[in-house]
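Down below is the structure, laid out as structure tokens.
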Amino acid sequence: PPLWEGEQQFHAFLGYALLTAMAAACAALSLGAVAPYGRYADAKALGISDWGPKVPAQLAWCLQELPSLVVPLVCLVRPGWGPASATNGVLLLCFLAHYANRALVYPLRIRGGAPTPLYVMASAFTFTLVNGYLQAGALGGPWASAVPGDAAFGGGVLLFLAGALGNAYHDALLRALREPGETGYKVPTGGLFDYVSGANYLCEIIVEWAGFAIACRTPAAHIFAWCVIFNLAPRAVSHHAWYREKFGDAYPAQRRALVPFLF
Ligand code: NDP
């Protein structure tokens with residue numbers, strides 16, 4: 001058997017382990033728990049004594065997202081590794097571009113972001129570490145097969161690009177709600193925020209990573225798309241309830257949590 005067969009089995013195992021862990025976290029979040037960062041980082045407001053040490057938002061976002069940029073780059077220079085075809089190369093570039101933005105550009109532009117508890121940062125770091133290896137292995141490991149350059153690839157990449165742009169656009173709408181140095185919350189408006197409270201999440205979940213999975217057709221990409229749903233769908237529901245409670249009748253009544261007109 002080839003030398004990498006053991007690693008291939010480890011890679012497959014890691015994917016299912018990640019999916020199981022994220023599904024369990026989603027179950028907890030659906031039962032009313034919230035990931036305590038951003039507006040939920042203030043433990044006392046939730047009646048909890050403390051979330052432990054905190055890291056400034058900019059530093060936390062950079063450190064916790066960086067592994068998904070660094071790990072694939074390190075993996076791809078290993079002997080026997082590299083994009084299995086030009087299409088695999090395009091998909092790896094999509095993944096790396098997303099994380100270059102999330103780890104290096106997004107943190108610099110945050111306005112007044114709440115500090116992140118260290119343990120939340122550590123969980124996100126573990127996720128991006130494992131997922132960086134998963135996606136790199138699926139598209140560029142010695143066992144990776146070439147992704148066909150067909151309609152699913154083209155359509156999936158277009159969806160990914162639309163989702164990435166939409167996510168960045170809605171993140172920018174949120175950022176514009178605050179002047180530099182400001183920290184409070186306002187009712188978001190514009191774009192898909194007129195329909196859902198989680199417009200930035202909608203673009204990331206339903207368009208960007210679903211498009212990536214459609215294009216890749218690897219178990220790793222499907223696992224990642226499900227993990228993003230497990231992570232962000234409960235957060236969109238929590239944000240929606242939080243807005244309704246905070247702004248009451250001033251919050252648009254027809255707005256839904258995540259899916260326009262439905263949910
Ligand atoms: P949020 O929408 O909770 O917050 C984004 C930023 O906007 C924060 O700086 C927040 O400040 C600020 N903000 C949010 N709402 C308001 C408001 N009403 N008024 C003023 N400022 C506001 O997003 P997340 O922090 O959860 O996520 C950030 C990005 O990362 C998103 O694009 C998301 O899709 C992505 N993400 C991806 C994940 C994945 O698994 N792929 C996981 C988590 C996030 P503050 O910090 O003070 O609340």
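Ordering of the structure tokens sets the chain letters (A, B, ...); residue numbers start at 1 within each chain; ligands are numbered from 1 in the order shown.
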Closest atom pairs, residues of chain A within 7 Å of ligand 1, only C-alpha atoms and all ligand atoms, as a Markdown table:
```
| residue | atom | partner | partner_atom_place_in_ligand_line | distance |
| --- | --- | --- | --- | --- |
| A:Tyr37 | CA | ligand 1 | 46 (O) | 6.9 |
| A:Gly38 | CA | ligand 1 | 48 (O) | 3.5 |
| A:Arg39 | CA | ligand 1 | 48 (O) | 4.2 |
| A:Ile110 | CA | ligand 1 | 9 (O) | 5.2 |
| A:Arg111 | CA | ligand 1 | 9 (O) | 5.8 |
| A:Gly112 | CA | ligand 1 | 47 (O) | 5.7 |
| A:Gly113 | CA | ligand 1 | 46 (O) | 3.5 |
| A:Ala114 | CA | ligand 1 | 47 (O) | 4.2 |
| A:Asn167 | CA | ligand 1 | 32 (O) | 5.5 |
| A:Ala168 | CA | ligand 1 | 32 (O) | 6.6 |
| A:Asp171 | CA | ligand 1 | 32 (O) | 5.6 |
| A:Leu174 | CA | ligand 1 | 7 (O) | 4.9 |
| A:Arg175 | CA | ligand 1 | 7 (O) | 5.4 |
| A:Leu177 | CA | ligand 1 | 20 (C) | 5.0 |
| A:Arg178 | CA | ligand 1 | 20 (C) | 5.7 |
| A:Thr183 | CA | ligand 1 | 47 (O) | 6.0 |
| A:Gly184 | CA | ligand 1 | 20 (C) | 5.9 |
| A:Tyr185 | CA | ligand 1 | 19 (N) | 3.5 |
| A:Lys186 | CA | ligand 1 | 19 (N) | 4.2 |
| A:Val187 | CA | ligand 1 | 18 (N) | 5.2 |
| A:Pro188 | CA | ligand 1 | 18 (N) | 5.3 |
| A:Gly198 | CA | ligand 1 | 2 (O) | 6.9 |
| A:Asn200 | CA | ligand 1 | 32 (O) | 5.2 |
| A:Tyr201 | CA | ligand 1 | 34 (O) | 4.3 |
| A:Glu204 | CA | ligand 1 | 34 (O) | 5.3 |
| A:Cys227 | CA | ligand 1 | 40 (O) | 6.7 |
| A:Val228 | CA | ligand 1 | 40 (O) | 4.3 |
| A:Asn231 | CA | ligand 1 | 40 (O) | 5.7 |
| A:Leu232 | CA | ligand 1 | 42 (C) | 6.1 |
```
Selection file, N, CA, C and O atoms, as an mmCIF file, in the first residue's frame:
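Dumped everything to again-v4.cif:
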```
data_model
loop_
_atom_site.group_PDB
_atom_site.id
_atom_site.type_symbol
_atom_site.label_atom_id
_atom_site.label_comp_id
_atom_site.auth_asym_id
_atom_site.auth_seq_id
_atom_site.Cartn_x
_atom_site.Cartn_y
_atom_site.Cartn_z
ATOM 1 N N TYR A 37 -19.341 35.230 22.326
ATOM 2 C CA TYR A 37 -18.490 36.296 21.809
ATOM 3 C C TYR A 37 -19.409 37.363 21.234
ATOM 4 O O TYR A 37 -20.619 37.165 21.126
ATOM 5 N N GLY A 38 -18.824 38.524 20.862
ATOM 6 C CA GLY A 38 -19.658 39.607 20.348
ATOM 7 C C GLY A 38 -20.649 40.069 21.416
ATOM 8 O O GLY A 38 -20.288 40.229 22.580
ATOM 9 N N ARG A 39 -21.923 40.222 21.048
ATOM 10 C CA ARG A 39 -22.921 40.769 21.968
ATOM 11 C C ARG A 39 -23.203 39.870 23.169
ATOM 12 O O ARG A 39 -23.829 40.290 24.122
ATOM 13 N N ILE A 110 -12.541 45.859 12.062
ATOM 14 C CA ILE A 110 -13.562 45.771 13.116
ATOM 15 C C ILE A 110 -13.676 47.107 13.841
ATOM 16 O O ILE A 110 -12.658 47.732 14.162
ATOM 17 N N ARG A 111 -14.919 47.522 14.115
ATOM 18 C CA ARG A 111 -15.129 48.751 14.894
ATOM 19 C C ARG A 111 -15.752 48.396 16.230
ATOM 20 O O ARG A 111 -16.895 47.915 16.271
ATOM 21 N N GLY A 112 -14.999 48.614 17.305
ATOM 22 C CA GLY A 112 -15.544 48.438 18.654
ATOM 23 C C GLY A 112 -15.974 47.024 18.970
ATOM 24 O O GLY A 112 -16.878 46.827 19.790
ATOM 25 N N GLY A 113 -15.399 45.995 18.339
ATOM 26 C CA GLY A 113 -15.788 44.600 18.599
ATOM 27 C C GLY A 113 -15.530 44.219 20.054
ATOM 28 O O GLY A 113 -14.514 44.596 20.632
ATOM 29 N N ALA A 114 -16.477 43.459 20.620
ATOM 30 C CA ALA A 114 -16.327 43.039 22.022
ATOM 31 C C ALA A 114 -15.190 42.028 22.134
ATOM 32 O O ALA A 114 -15.027 41.181 21.244
ATOM 33 N N ASN A 167 -21.233 38.295 1.795
ATOM 34 C CA ASN A 167 -20.832 38.265 3.209
ATOM 35 C C ASN A 167 -20.015 39.509 3.554
ATOM 36 O O ASN A 167 -20.282 40.190 4.550
ATOM 37 N N ALA A 168 -19.053 39.851 2.695
ATOM 38 C CA ALA A 168 -18.215 41.031 2.958
ATOM 39 C C ALA A 168 -19.054 42.309 2.914
ATOM 40 O O ALA A 168 -18.869 43.223 3.732
ATOM 41 N N ASP A 171 -21.122 42.419 6.125
ATOM 42 C CA ASP A 171 -20.211 42.758 7.240
ATOM 43 C C ASP A 171 -19.905 44.255 7.211
ATOM 44 O O ASP A 171 -19.817 44.908 8.256
ATOM 45 N N LEU A 174 -22.767 46.293 8.627
ATOM 46 C CA LEU A 174 -22.751 46.272 10.104
ATOM 47 C C LEU A 174 -21.687 47.230 10.630
ATOM 48 O O LEU A 174 -21.912 47.980 11.577
ATOM 49 N N ARG A 175 -20.514 47.197 9.989
ATOM 50 C CA ARG A 175 -19.397 48.049 10.437
ATOM 51 C C ARG A 175 -19.798 49.529 10.366
ATOM 52 O O ARG A 175 -19.488 50.315 11.245
ATOM 53 N N LEU A 177 -22.508 50.826 10.918
ATOM 54 C CA LEU A 177 -23.464 51.262 11.947
ATOM 55 C C LEU A 177 -22.754 51.979 13.092
ATOM 56 O O LEU A 177 -23.390 52.619 13.916
ATOM 57 N N ARG A 178 -21.423 51.804 13.165
ATOM 58 C CA ARG A 178 -20.676 52.438 14.262
ATOM 59 C C ARG A 178 -19.670 53.441 13.719
ATOM 60 O O ARG A 178 -19.013 53.164 12.720
ATOM 61 N N THR A 183 -19.332 51.555 20.395
ATOM 62 C CA THR A 183 -19.482 50.127 20.698
ATOM 63 C C THR A 183 -20.937 49.634 20.735
ATOM 64 O O THR A 183 -21.165 48.444 20.824
ATOM 65 N N GLY A 184 -21.915 50.520 20.682
ATOM 66 C CA GLY A 184 -23.314 50.076 20.865
ATOM 67 C C GLY A 184 -23.873 49.349 19.642
ATOM 68 O O GLY A 184 -23.156 49.078 18.669
ATOM 69 N N TYR A 185 -25.162 49.011 19.711
ATOM 70 C CA TYR A 185 -25.838 48.288 18.608
ATOM 71 C C TYR A 185 -26.992 49.112 18.054
ATOM 72 O O TYR A 185 -27.711 49.763 18.809
ATOM 73 N N LYS A 186 -27.168 49.068 16.728
ATOM 74 C CA LYS A 186 -28.290 49.748 16.066
ATOM 75 C C LYS A 186 -29.027 48.724 15.205
ATOM 76 O O LYS A 186 -28.500 47.631 14.960
ATOM 77 N N VAL A 187 -30.202 49.110 14.714
ATOM 78 C CA VAL A 187 -30.961 48.197 13.836
ATOM 79 C C VAL A 187 -30.290 48.197 12.461
ATOM 80 O O VAL A 187 -30.201 49.250 11.825
ATOM 81 N N PRO A 188 -29.785 47.029 11.997
ATOM 82 C CA PRO A 188 -29.146 47.020 10.674
ATOM 83 C C PRO A 188 -30.170 47.167 9.556
ATOM 84 O O PRO A 188 -31.275 46.624 9.658
ATOM 85 N N GLY A 198 -29.791 37.875 10.105
ATOM 86 C CA GLY A 198 -28.455 37.297 9.908
ATOM 87 C C GLY A 198 -28.045 37.341 8.441
ATOM 88 O O GLY A 198 -27.676 36.303 7.871
ATOM 89 N N ASN A 200 -25.383 38.613 6.931
ATOM 90 C CA ASN A 200 -23.986 38.220 6.684
ATOM 91 C C ASN A 200 -23.835 36.697 6.807
ATOM 92 O O ASN A 200 -23.118 36.057 6.031
ATOM 93 N N TYR A 201 -24.575 36.086 7.758
ATOM 94 C CA TYR A 201 -24.504 34.630 7.928
ATOM 95 C C TYR A 201 -25.167 33.913 6.743
ATOM 96 O O TYR A 201 -24.679 32.889 6.279
ATOM 97 N N GLU A 204 -22.817 33.674 3.977
ATOM 98 C CA GLU A 204 -21.696 32.758 4.237
ATOM 99 C C GLU A 204 -22.155 31.304 4.211
ATOM 100 O O GLU A 204 -21.499 30.442 3.621
ATOM 101 N N CYS A 227 -20.885 22.129 8.960
ATOM 102 C CA CYS A 227 -20.352 22.737 10.198
ATOM 103 C C CYS A 227 -20.714 24.217 10.269
ATOM 104 O O CYS A 227 -21.056 24.735 11.333
ATOM 105 N N VAL A 228 -20.642 24.927 9.120
ATOM 106 C CA VAL A 228 -20.969 26.363 9.116
ATOM 107 C C VAL A 228 -22.452 26.540 9.440
ATOM 108 O O VAL A 228 -22.837 27.440 10.199
ATOM 109 N N ASN A 231 -22.956 26.027 13.089
ATOM 110 C CA ASN A 231 -22.378 27.120 13.867
ATOM 111 C C ASN A 231 -23.227 28.387 13.769
ATOM 112 O O ASN A 231 -23.543 29.027 14.775
ATOM 113 N N LEU A 232 -23.585 28.753 12.544
ATOM 114 C CA LEU A 232 -24.160 30.087 12.341
ATOM 115 C C LEU A 232 -25.693 30.134 12.359
ATOM 116 O O LEU A 232 -26.253 31.179 12.700
#
```
| message | Need to verify the contact set: region 136-141 of chain A, 6 Å, only C-alpha atoms, exclusion of same-chain residues closer than 5 positions in sequence. Can you return it as a PyMOL selection string? | response | chain A and resi 72+81-84+88
| Which residues in region 8-157 of chain A does DSSP call alpha helix (DSSP H)? List them as a ChimeraX atom specification. | /A:8-30,57-65,67-76,86-100,106-109,118-140,151-157
| said: Among region 9-257 of chain A, which ones does DSSP assign to strand (DSSP E or B) (computed from the backbone)? Answer as a PyMOL selection string. | reply: chain A and resi 54-55+116-117+196+256
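In this model, the gap between CA of Met121 (chain A) and CA of Glu179 (chain A) comes to 25.7 Å.
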| said: For Ala60 (chain A), find every residue with an atom within 12 Å (counting only C-alpha atoms), except residues of its own chain fewer than 2 positions away, and show them as an MDAnalysis selection string. | reply: chainID A and resid 37:38 53:58 62:66 102:104 106:108 110 113:125
| said: Excluding Leu134 (chain A) and its own-chain neighbours fewer than 6 positions away, which residues fall within 8 Å of it when counting only C-alpha atoms? Please give them as a PyMOL selection string. | reply: chain A and resi 11+14-15+220
Could you save those same residues with C-alpha atoms as a PDB file, in the first residue's frame?
```
ATOM      1  CA  HIS A  11      -7.861  12.509   7.219  1.00  0.00           C
ATOM      2  CA  LEU A  14     -10.838  13.716  11.269  1.00  0.00           C
ATOM      3  CA  GLY A  15     -13.628  14.897   8.941  1.00  0.00           C
ATOM      4  CA  ALA A 220     -14.516  17.423   3.393  1.00  0.00           C
TER       5      ALA A 220
END
```
| Residues at most 9 Å from region 94-96 of chain A, counting only C-alpha atoms, excluding those fewer than 6 positions away in the same chain, as a VMD selection string? | chain A and resid 68 to 70 72 to 73 132 135 157 160 to 161 212
Restricting it to N, CA, C and O atoms, dump the selection as a compact mmCIF listing (two decimals), in the first residue's frame.
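Saved result, out_6.txt, follows:
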```txt
# COMPACT_ATOMS: atom_id res chain seq x y z
N SER A 68 -6.43 28.31 9.08
CA SER A 68 -6.99 27.88 7.78
C SER A 68 -6.27 28.53 6.61
O SER A 68 -6.47 28.14 5.46
N LEU A 69 -5.43 29.54 6.89
CA LEU A 69 -4.60 30.12 5.84
C LEU A 69 -3.22 29.44 5.83
O LEU A 69 -2.70 29.07 4.78
N VAL A 70 -2.68 29.23 7.02
CA VAL A 70 -1.29 28.73 7.13
C VAL A 70 -1.22 27.22 6.87
O VAL A 70 -0.34 26.75 6.14
N PRO A 72 -3.04 24.98 5.09
CA PRO A 72 -3.02 24.51 3.70
C PRO A 72 -1.71 24.88 2.99
O PRO A 72 -1.17 24.06 2.23
N LEU A 73 -1.20 26.10 3.25
CA LEU A 73 0.04 26.51 2.58
C LEU A 73 1.20 25.59 2.99
O LEU A 73 2.01 25.18 2.16
N GLY A 132 -8.59 23.46 7.97
CA GLY A 132 -7.56 23.82 6.99
C GLY A 132 -6.89 22.56 6.44
O GLY A 132 -6.67 22.40 5.23
N GLN A 135 -9.51 20.49 4.17
CA GLN A 135 -9.74 20.98 2.80
C GLN A 135 -8.46 20.83 1.97
O GLN A 135 -8.53 20.47 0.78
N VAL A 157 -18.48 27.56 -8.12
CA VAL A 157 -17.50 28.64 -7.91
C VAL A 157 -18.22 30.00 -7.98
O VAL A 157 -17.94 30.90 -7.18
N PHE A 160 -19.99 30.49 -4.79
CA PHE A 160 -19.00 30.82 -3.75
C PHE A 160 -18.64 32.30 -3.83
O PHE A 160 -18.62 33.00 -2.81
N LEU A 161 -18.36 32.78 -5.04
CA LEU A 161 -17.95 34.19 -5.19
C LEU A 161 -19.08 35.13 -4.77
O LEU A 161 -18.86 36.13 -4.07
N PHE A 212 -19.19 26.20 -2.50
CA PHE A 212 -17.88 25.53 -2.45
C PHE A 212 -18.08 24.00 -2.45
O PHE A 212 -17.38 23.28 -3.18
```
| said: So the first atom is CA of Trp209 (chain A) and the second is CA of Arg235 (chain A); what is the distance between them in Å, to one decimal place? | reply: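 Straight-line distance from CA of Trp209 (chain A) to CA of Arg235 (chain A) works out to 16.8 Å.
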| Among the residues A:Ala144, A:Ala164, A:Val130, A:Ala199, the one that comes closest to Tyr99 (chain A) [using only C-alpha atoms] |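 Selected residue with least distance to Tyr99 (chain A): A:Ala164.
For Arg256 (chain A), the set of protein, DNA and RNA residues having any atom at most 9 Å away, when counting only C-alpha atoms and skipping those fewer than 6 positions along the same chain, is Tyr195, Val196, Ser197, Gly198, Val237, His240, Leu262 and Phe263 of chain A.
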| task | Could you give me, as a list in words, the residues within 10 Å of Phe230 (chain A), counting only C-alpha atoms and dropping anything in the same chain fewer than 4 positions from it? | result |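 My reading of the contact set: Leu19, Met22, Ala23, Ala24, Ala25, Cys26, Ala27, Leu29, Ser30, Ile205, Phe224, Ala225, Trp226, Pro234 and Arg235 of chain A.
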| Pairwise distance for CA of Gly190 (chain A) and CA of Ala257 (chain A), rounded to one decimal in Å | 15.1 Å
